[in-house]
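Just start.csv here, CSV, C-alpha atoms:
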```csv
chain,number,residue,atom,x,y,z
A,1050,MET,CA,0.5,15.5,59.4
A,1051,SER,CA,3.6,16.1,57.2
A,1052,LEU,CA,3.6,17.5,53.7
A,1053,ARG,CA,4.6,14.0,52.5
A,1054,ASP,CA,1.6,12.4,54.3
A,1055,THR,CA,-0.7,15.0,52.7
A,1056,ALA,CA,0.7,14.3,49.3
A,1057,HIS,CA,0.4,10.5,49.8
A,1058,GLY,CA,-3.2,10.9,51.0
A,1059,ASP,CA,-4.1,12.9,48.0
A,1060,LEU,CA,-2.4,10.3,45.7
A,1061,MET,CA,-4.5,7.5,47.3
A,1062,GLU,CA,-7.6,9.6,46.8
A,1063,ILE,CA,-6.8,10.1,43.1
A,1064,PHE,CA,-6.1,6.4,42.5
A,1065,ALA,CA,-9.4,5.5,44.3
A,1066,ASP,CA,-11.5,7.9,42.3
A,1067,THR,CA,-13.4,5.7,39.8
A,1068,GLU,CA,-14.6,8.6,37.7
A,1069,ASP,CA,-11.6,10.9,37.4
A,1070,GLY,CA,-8.8,8.6,38.7
A,1071,GLY,CA,-6.8,5.8,37.2
A,1072,ASP,CA,-7.8,3.0,35.0
A,1073,GLU,CA,-8.0,-0.7,35.8
A,1074,ILE,CA,-5.0,-2.9,35.0
A,1075,THR,CA,-4.3,-6.5,35.8
A,1076,ILE,CA,-1.0,-7.6,37.2
A,1077,ILE,CA,-0.1,-11.3,36.9
A,1078,SER,CA,2.6,-12.6,39.3
A,1079,PRO,CA,5.3,-15.1,38.2
A,1080,ALA,CA,3.4,-17.6,40.3
A,1081,GLY,CA,0.3,-17.1,38.1
A,1082,SER,CA,-2.0,-15.2,40.5
A,1083,ASP,CA,-3.5,-12.0,39.2
A,1084,GLU,CA,-4.9,-8.9,40.9
A,1085,THR,CA,-6.6,-5.8,39.6
A,1086,PHE,CA,-5.3,-2.3,40.4
A,1087,ARG,CA,-6.1,1.2,39.5
A,1088,ALA,CA,-3.2,2.8,37.7
A,1089,PHE,CA,-2.2,5.6,35.5
A,1090,THR,CA,-1.0,4.2,32.2
A,1091,ASN,CA,1.2,5.8,29.6
A,1092,ASP,CA,1.4,4.4,26.0
A,1093,ILE,CA,2.9,6.9,23.6
A,1094,HIS,CA,5.1,7.0,20.5
A,1095,PHE,CA,8.8,6.5,21.1
A,1096,SER,CA,11.7,6.9,18.6
A,1097,ILE,CA,14.1,4.1,19.0
A,1098,ASP,CA,17.6,5.1,17.9
A,1099,PRO,CA,19.6,2.0,17.0
A,1100,GLU,CA,22.5,4.4,16.2
A,1101,THR,CA,22.5,3.7,12.5
A,1102,GLN,CA,21.4,7.2,11.7
A,1103,MET,CA,17.9,5.9,11.1
A,1104,THR,CA,15.2,5.6,13.8
A,1105,VAL,CA,12.6,3.0,14.4
A,1106,THR,CA,9.1,4.0,15.5
A,1107,GLY,CA,8.1,2.2,18.6
A,1108,ARG,CA,6.1,2.6,21.8
A,1109,GLN,CA,6.9,3.5,25.3
A,1110,CYS,CA,4.5,2.1,27.9
A,1111,SER,CA,4.4,2.4,31.6
A,1112,ALA,CA,1.9,2.0,34.5
A,1113,ALA,CA,2.0,3.9,37.8
A,1114,VAL,CA,0.4,2.1,40.7
A,1115,SER,CA,0.2,2.7,44.4
A,1116,ILE,CA,2.8,0.9,46.4
A,1117,ALA,CA,0.4,0.5,49.3
A,1118,ALA,CA,-2.1,-1.3,46.9
A,1119,ILE,CA,0.4,-3.8,45.6
A,1120,GLU,CA,1.9,-4.5,49.0
A,1121,ALA,CA,-1.6,-5.1,50.4
A,1122,VAL,CA,-1.9,-8.1,48.1
A,1123,ASP,CA,1.7,-9.3,48.6
A,1124,PHE,CA,2.8,-8.0,45.2
A,1125,GLY,CA,5.4,-5.9,46.8
A,1126,ASP,CA,8.4,-7.7,45.2
A,1127,ILE,CA,7.3,-6.8,41.7
A,1128,LYS,CA,10.3,-6.2,39.5
A,1129,GLY,CA,11.8,-6.9,36.1
A,1130,ILE,CA,12.7,-10.6,35.8
A,1131,PRO,CA,15.7,-11.2,33.5
A,1132,ASP,CA,15.9,-14.9,34.2
A,1133,ASN,CA,14.5,-17.0,31.4
A,1134,THR,CA,13.9,-19.9,33.8
A,1135,ALA,CA,11.2,-17.9,35.6
A,1136,ARG,CA,8.0,-16.3,34.5
A,1137,PRO,CA,8.0,-12.5,34.5
A,1138,TRP,CA,5.5,-10.1,36.1
A,1139,VAL,CA,2.9,-9.4,33.4
A,1140,VAL,CA,0.7,-6.4,33.1
A,1141,GLN,CA,-2.5,-6.3,31.0
A,1142,ALA,CA,-4.0,-2.9,30.2
A,1143,THR,CA,-6.3,-1.4,27.6
A,1144,ASP,CA,-5.6,1.7,25.7
A,1145,ALA,CA,-7.9,4.7,25.1
A,1146,ASN,CA,-9.7,2.6,22.4
A,1147,GLY,CA,-10.2,-0.4,24.5
A,1148,VAL,CA,-7.5,-2.5,22.8
A,1149,LEU,CA,-6.0,-4.9,25.3
A,1150,GLY,CA,-2.2,-5.0,25.5
A,1151,THR,CA,0.0,-7.6,27.3
A,1152,PHE,CA,3.3,-6.5,28.6
A,1153,LYS,CA,6.2,-7.8,30.7
A,1154,VAL,CA,7.5,-5.6,33.5
A,1155,SER,CA,11.1,-4.9,32.4
A,1156,ALA,CA,12.0,-2.5,35.2
A,1157,THR,CA,10.4,-0.7,38.1
A,1158,HIS,CA,10.9,2.8,39.3
A,1159,PRO,CA,9.6,3.0,42.9
A,1160,ASP,CA,9.2,6.4,44.5
A,1161,ARG,CA,8.8,5.6,48.1
A,1162,GLY,CA,8.6,9.2,49.1
A,1163,ALA,CA,5.3,9.6,47.3
A,1164,GLY,CA,4.2,5.9,47.5
A,1165,LEU,CA,4.2,5.4,43.8
A,1166,MET,CA,5.6,2.6,41.7
A,1167,ILE,CA,6.2,3.1,38.0
A,1168,LEU,CA,6.3,-0.1,36.0
A,1169,ILE,CA,8.3,0.1,32.7
A,1170,LEU,CA,6.8,-2.3,30.2
A,1171,GLU,CA,8.0,-4.2,27.2
A,1172,GLY,CA,6.1,-6.4,24.7
A,1173,TYR,CA,5.1,-9.9,25.8
A,1174,GLN,CA,3.3,-12.8,24.4
A,1175,LEU,CA,1.4,-15.1,26.7
B,130,MET,CA,30.5,22.5,-24.2
B,131,THR,CA,32.4,19.4,-25.0
B,132,ILE,CA,31.0,16.9,-22.5
B,133,SER,CA,28.4,14.6,-24.0
B,134,LEU,CA,25.2,13.9,-22.1
B,135,ILE,CA,25.9,12.1,-18.8
B,136,ASP,CA,23.2,9.5,-19.0
B,137,LYS,CA,24.6,6.6,-17.0
B,138,GLN,CA,25.0,5.2,-13.5
B,139,ASP,CA,28.4,5.5,-11.9
B,140,THR,CA,29.9,2.2,-10.7
B,141,PHE,CA,29.3,3.0,-7.1
B,142,GLU,CA,25.5,3.3,-7.8
B,143,MET,CA,25.5,0.0,-9.7
B,144,ILE,CA,27.3,-1.7,-6.9
B,145,ARG,CA,24.8,-0.5,-4.3
B,146,ASP,CA,22.0,-1.9,-6.4
B,147,ARG,CA,23.9,-5.1,-7.1
B,148,VAL,CA,24.6,-5.7,-3.3
B,149,ALA,CA,20.9,-5.3,-2.6
B,150,ALA,CA,20.0,-7.7,-5.5
B,151,ILE,CA,22.4,-10.3,-4.3
B,152,LEU,CA,21.1,-10.3,-0.8
B,153,ALA,CA,17.5,-10.4,-2.0
B,154,ALA,CA,18.2,-13.4,-4.2
B,155,GLU,CA,20.2,-15.3,-1.7
B,156,THR,CA,17.8,-15.0,1.2
B,157,GLN,CA,15.1,-16.5,-1.0
B,158,SER,CA,17.5,-19.2,-2.1
B,159,GLN,CA,18.5,-19.9,1.5
B,160,GLN,CA,14.9,-20.3,2.5
B,161,ASP,CA,14.2,-22.7,-0.4
B,162,LEU,CA,17.3,-24.8,0.6
B,163,ALA,CA,16.3,-24.8,4.3
B,164,ASP,CA,12.7,-25.9,3.4
B,165,ALA,CA,14.1,-28.7,1.2
B,166,GLU,CA,16.0,-30.0,4.2
B,167,GLY,CA,13.0,-29.8,6.5
B,168,LYS,CA,14.2,-26.8,8.4
B,169,ASN,CA,12.3,-23.7,9.3
B,170,PRO,CA,13.0,-21.3,6.4
B,171,ASP,CA,12.1,-18.2,8.5
B,172,LEU,CA,15.5,-18.5,10.1
B,173,TRP,CA,17.1,-17.6,6.8
B,174,LYS,CA,14.6,-14.9,5.9
B,175,PHE,CA,15.1,-11.1,5.9
B,176,ARG,CA,13.6,-8.2,4.0
B,177,VAL,CA,16.0,-6.2,1.8
B,178,TYR,CA,15.8,-2.4,1.3
B,179,SER,CA,18.1,0.1,-0.3
B,180,GLU,CA,18.8,3.7,0.7
B,181,ARG,CA,15.9,4.2,3.1
B,182,ASP,CA,15.9,7.3,5.2
B,183,ASN,CA,12.4,7.5,6.8
B,184,PRO,CA,12.0,5.9,10.2
B,185,TRP,CA,11.1,2.2,10.1
B,186,GLU,CA,7.4,2.6,11.0
B,187,ASN,CA,5.3,-0.3,12.3
B,188,LEU,CA,7.5,-2.8,10.5
B,189,PHE,CA,7.7,-4.9,13.6
B,190,GLY,CA,4.1,-4.9,14.4
B,191,GLU,CA,3.1,-8.3,13.0
B,192,ASP,CA,5.9,-9.3,10.8
B,193,LEU,CA,9.1,-9.7,12.9
B,194,THR,CA,11.3,-10.6,9.8
B,195,PRO,CA,14.6,-8.8,10.1
B,196,ILE,CA,15.2,-5.9,7.9
B,197,VAL,CA,18.4,-5.4,5.9
B,198,ASN,CA,19.0,-1.9,4.5
B,199,VAL,CA,21.8,-1.3,2.0
B,200,SER,CA,23.1,2.3,1.9
B,201,TYR,CA,26.1,3.9,0.2
B,202,ASP,CA,28.4,5.7,2.6
B,203,ASP,CA,31.4,7.1,0.8
B,204,SER,CA,34.1,6.6,-1.8
B,205,LYS,CA,37.8,7.2,-1.5
B,206,TYR,CA,39.6,7.7,-4.8
B,207,ASP,CA,43.1,6.5,-5.3
B,208,ILE,CA,45.0,9.0,-7.4
B,209,SER,CA,48.1,6.8,-7.7
B,210,THR,CA,46.3,4.1,-9.7
B,211,SER,CA,44.0,6.5,-11.6
B,212,ASN,CA,44.5,8.8,-14.5
B,213,MET,CA,43.4,12.4,-15.1
B,214,GLU,CA,41.2,11.6,-18.1
B,215,ASP,CA,38.9,8.7,-18.1
B,216,GLN,CA,39.6,6.2,-15.3
B,217,GLN,CA,39.5,6.7,-11.6
B,218,ASN,CA,39.8,3.9,-9.1
B,219,ALA,CA,37.9,4.1,-5.8
B,220,THR,CA,37.1,2.2,-2.7
B,221,SER,CA,33.4,2.6,-1.8
B,222,ARG,CA,31.9,1.8,1.5
B,223,TYR,CA,28.4,0.3,1.8
B,224,ASN,CA,26.6,0.0,5.1
B,225,ILE,CA,24.4,-3.1,5.3
B,226,ASP,CA,22.3,-2.5,8.4
B,227,CYS,CA,20.4,-5.4,9.9
B,228,TYR,CA,17.4,-4.4,12.2
B,229,CYS,CA,15.9,-7.1,14.3
B,230,HIS,CA,13.2,-7.2,17.0
B,231,SER,CA,12.1,-10.1,19.1
B,232,GLU,CA,9.4,-10.1,21.7
B,233,SER,CA,9.6,-11.9,25.0
B,234,TYR,CA,7.2,-14.8,25.2
B,235,GLN,CA,6.0,-17.4,27.7
B,236,THR,CA,7.7,-20.8,27.7
B,237,THR,CA,6.9,-24.0,29.6
B,238,GLY,CA,9.6,-23.4,32.2
B,239,GLY,CA,9.7,-19.6,32.3
B,240,HIS,CA,10.0,-17.1,29.4
B,241,ALA,CA,12.2,-16.3,26.5
B,242,VAL,CA,13.7,-12.8,27.0
B,243,GLY,CA,13.3,-10.4,24.2
B,244,ASP,CA,16.5,-8.5,24.5
B,245,GLU,CA,18.6,-11.7,24.2
B,246,LEU,CA,16.4,-12.9,21.3
B,247,SER,CA,16.8,-9.6,19.5
B,248,ALA,CA,20.6,-9.6,19.8
B,249,ASN,CA,20.9,-13.2,18.7
B,250,LEU,CA,18.7,-12.5,15.7
B,251,ALA,CA,20.7,-9.5,14.7
B,252,HIS,CA,23.9,-11.5,14.9
B,253,ASN,CA,22.3,-14.3,12.9
B,254,THR,CA,21.3,-11.9,10.2
B,255,ALA,CA,24.7,-10.3,10.1
B,256,LYS,CA,26.2,-13.8,9.8
B,257,LEU,CA,24.0,-14.5,6.8
B,258,VAL,CA,25.0,-11.2,5.2
B,259,ARG,CA,28.7,-11.8,5.7
B,260,ASN,CA,28.5,-15.4,4.4
B,261,ILE,CA,26.7,-14.3,1.3
B,262,MET,CA,28.8,-11.3,0.5
B,263,MET,CA,32.1,-13.0,1.2
B,264,HIS,CA,31.2,-16.2,-0.7
B,265,GLY,CA,33.6,-17.0,-3.6
B,266,ASP,CA,30.8,-16.8,-6.1
B,267,TYR,CA,30.5,-13.0,-5.3
B,268,LYS,CA,34.2,-12.2,-5.4
B,269,TYR,CA,33.6,-9.7,-8.2
B,270,LEU,CA,29.9,-9.2,-7.4
B,271,LEU,CA,29.0,-11.1,-10.6
B,272,TYR,CA,30.6,-8.5,-12.8
B,273,PRO,CA,32.4,-10.3,-15.7
B,274,VAL,CA,35.8,-9.5,-17.2
B,275,LEU,CA,35.5,-6.3,-19.4
B,276,PRO,CA,35.9,-6.7,-23.2
B,277,GLU,CA,39.1,-4.7,-23.1
B,278,GLY,CA,40.4,-6.8,-20.2
B,279,GLY,CA,40.4,-5.9,-16.5
B,280,ARG,CA,37.4,-5.8,-14.2
B,281,LEU,CA,34.9,-3.2,-13.0
B,282,VAL,CA,35.1,-4.6,-9.5
B,283,TRP,CA,38.3,-6.3,-8.4
B,284,GLU,CA,37.9,-6.6,-4.6
B,285,ARG,CA,35.2,-6.7,-2.0
B,286,TRP,CA,35.9,-7.0,1.7
B,287,ILE,CA,33.8,-7.0,4.9
B,288,GLN,CA,35.6,-4.2,6.8
B,289,SER,CA,33.8,-4.6,10.1
B,290,ILE,CA,30.6,-5.8,11.8
B,291,THR,CA,29.3,-3.6,14.6
B,292,THR,CA,26.4,-4.2,16.9
B,293,PHE,CA,24.4,-1.2,18.2
B,294,ARG,CA,22.3,-1.3,21.3
B,295,PRO,CA,19.8,1.6,21.7
B,296,ALA,CA,20.6,4.1,24.4
B,297,LEU,CA,18.2,3.9,27.4
B,298,SER,CA,18.8,7.4,28.7
B,299,GLY,CA,15.5,8.6,27.2
B,300,GLY,CA,13.5,5.6,28.4
B,301,GLN,CA,12.9,2.0,27.4
B,302,PRO,CA,10.7,1.1,24.4
B,303,VAL,CA,8.2,-1.7,24.3
B,304,GLU,CA,10.1,-3.1,21.3
B,305,LYS,CA,13.5,-4.6,21.9
B,306,VAL,CA,15.3,-3.5,18.7
B,307,VAL,CA,18.9,-4.4,18.0
B,308,ALA,CA,20.8,-3.2,14.9
B,309,CYS,CA,24.0,-4.7,13.4
B,310,ARG,CA,26.0,-3.0,10.7
B,311,VAL,CA,28.1,-4.9,8.2
B,312,ALA,CA,30.5,-2.5,6.6
B,313,LEU,CA,31.4,-3.6,3.1
B,314,ASP,CA,34.3,-2.1,1.1
B,315,VAL,CA,34.4,-2.5,-2.7
B,316,LYS,CA,37.3,-1.6,-4.9
B,317,HIS,CA,36.2,-0.6,-8.3
B,318,GLY,CA,36.8,1.6,-11.3
B,319,GLU,CA,34.9,4.7,-12.4
B,320,GLU,CA,35.0,5.5,-16.1
B,321,ILE,CA,34.3,8.7,-17.8
B,322,PRO,CA,33.8,8.2,-21.6
B,323,TYR,CA,36.2,10.5,-23.3
B,324,GLU,CA,36.0,11.4,-27.0
B,325,GLU,CA,38.0,13.9,-29.0
B,326,PRO,CA,35.7,16.9,-29.3
B,327,GLU,CA,34.4,17.9,-32.7
B,328,ILE,CA,33.5,21.6,-33.1
B,329,LEU,CA,29.8,21.6,-34.0
B,330,GLU,CA,29.0,25.3,-33.4
B,331,ILE,CA,30.3,28.3,-31.5
B,332,ILE,CA,28.2,29.1,-28.4
B,333,ASN,CA,28.3,32.4,-26.4
B,334,VAL,CA,28.2,31.8,-22.7
B,335,LYS,CA,27.4,34.5,-20.1
B,336,PHE,CA,28.1,33.8,-16.5
B,337,TYR,CA,26.7,35.8,-13.6
B,338,TYR,CA,25.5,35.6,-10.0
B,339,GLU,CA,21.9,35.7,-9.0
B,340,PRO,CA,21.1,37.9,-5.9
B,341,ASP,CA,21.0,34.7,-3.8
B,342,GLY,CA,24.5,33.7,-5.0
B,343,GLN,CA,23.4,31.0,-7.5
B,344,VAL,CA,25.8,30.8,-10.5
B,345,ILE,CA,24.0,31.1,-13.8
B,346,ALA,CA,25.3,30.3,-17.2
B,347,GLU,CA,23.3,31.6,-20.1
B,348,LEU,CA,24.0,29.9,-23.4
B,349,GLU,CA,23.3,31.7,-26.6
B,350,TYR,CA,23.2,29.5,-29.6
B,351,PRO,CA,23.8,30.9,-33.1
B,352,ALA,CA,20.7,31.5,-35.1
B,353,SER,CA,20.1,28.5,-37.4
```
Could I get this file's structure written as structure tokens?
Amino acid sequence: MSLRDTAHGDLMEIFADTEDGGDEITIISPAGSDETFRAFTNDIHFSIDPETQMTVTGRQCSAAVSIAAIEAVDFGDIKGIPDNTARPWVVQATDANGVLGTFKVSATHPDRGAGLMILILEGYQL
Amino acid sequence: MTISLIDKQDTFEMIRDRVAAILAAETQSQQDLADAEGKNPDLWKFRVYSERDNPWENLFGEDLTPIVNVSYDDSKYDISTSNMEDQQNATSRYNIDCYCHSESYQTTGGHAVGDELSANLAHNTAKLVRNIMMHGDYKYLLYPVLPEGGRLVWERWIQSITTFRPALSGGQPVEKVVACRVALDVKHGEEIPYEEPEILEIINVKFYYEPDGQVIAELEYPAS
């Protein structure tokens, strides 16, 4: 077993750990089907610099999911959809206080070496 | 000391406040006009601020109305048309920054994309600002002819409109914020009231430096 296989196996164990692992998120495909995944979410303060010498306080949100898990349910082509004639990939996740947030996947950062997909999120209204 | 108490606003300060007041009044007027024609007044709505430095915090949470911030940038004085005593002519630059944010939302056939909506909203807000500030009614920013003739403000001109897109090198925010700067130049006069001094009393003045370099002037007034 290679080092990469070991790391990937450990990652899958961490995701699958219901006590100490990730949290549940829901991903909704452009076709309307939804699946639940375990993911590590990030939702923190972000300073938006519009380059006017004054910043705007915003949020930076992302979700890290297992590539194996999303490919297992045929969600492997998840990506940011810029086309306004199509529905985007939508992620619903709760924060530490249980407040539900709905986001559009604006970009994906796959790490196929580790088997991890990071979903960069932006605000979205269903 | 011969200078009387300086207890007035300079013209560049008055103009900054006047620009903000004009924008605040006109956005309300535009909304009323739109409403009277059966159109959505929110398309003509923006919130006006002046000289804000703190980050815009949570101003896009529920109310997505664009924000317009008026700030004074600089003044350049024209020595060739000024005098050394009581009248200096200047061109002052004011930055009218329009901050806009729109969120992507689901539509019947797909979805409306937030980055495009934000950019269009910023351009629309800048358009409103330009049309207001360059309207003939505001040629002299509502300042009347002075009693002695001449004007306080004799020219205003939109020097440029620049759109800024946030850099993505540090990551992408949840909010799609686009800012548009309307740079407004105003030519105006600055007056310093000058009167022939009348000797009231003789004052002794002692100048010295504090250990930290501050210059101190101690005035000793004659015993009354």
Using atom CA of Glu284 of chain B and atom CA of Asp314 of chain B as the two end points, give the distance in Å to one decimal.
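According to the coordinates, atom CA of Glu284 of chain B and atom CA of Asp314 of chain B are separated by 8.1 Å.
For the set A:Ala1121, A:Leu1149, A:Cys1110, A:Ala1088, the residue with the smallest atom-to-atom gap to chain B is A:Cys1110, counting all atoms listed in the file.
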Residues of chain A within 12 Å of chain B, counting only C-alpha atoms, as a PyMOL selection string
chain A and resi 1079-1081+1091-1111+1129-1139+1150-1158+1168-1175
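You can rank B:Asn218, B:Thr156, B:Thr210, B:Asn169 by their closest distance to Lys316 of chain B using all atoms listed in the file, and at the top of that list sits B:Asn218.
In this structure, atom CA of Val1148 of chain A sits 16.6 Å away from atom CA of Gly1071 of chain A.
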Could you state the separation of atom CA of Gly1125 of chain A and atom CA of Met1166 of chain A in Å, given to one decimal place?
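About the pair atom CA of Gly1125 of chain A and atom CA of Met1166 of chain A: they are 9.9 Å apart.
Nearest to Ala255 of chain B of all the residues B:Ile196, B:Ile331, B:Ile345, B:Leu270 is B:Ile196, based on only C-alpha atoms.
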Taking 5 positions as the minimum chain separation for residues in the same chain, which residues sit within 9 Å of Ala1056 of chain A when counting all atoms listed in the file? Answer as a PyMOL selection string.
chain A and resi 1051+1061+1163
Would you put the residues from that selection into a file with C-alpha atoms, as a CSV table (one decimal), in the coordinates of the input?
```csv
chain,number,residue,atom,x,y,z
A,1051,SER,CA,3.6,16.1,57.2
A,1061,MET,CA,-4.5,7.5,47.3
A,1163,ALA,CA,5.3,9.6,47.3
```
Near Ala346 of chain B, within 9 Å and counting all atoms listed in the file, which residues show up once chain neighbours fewer than 2 positions away are dropped, as number ranges by chain?
B: 334-338, 344, 348
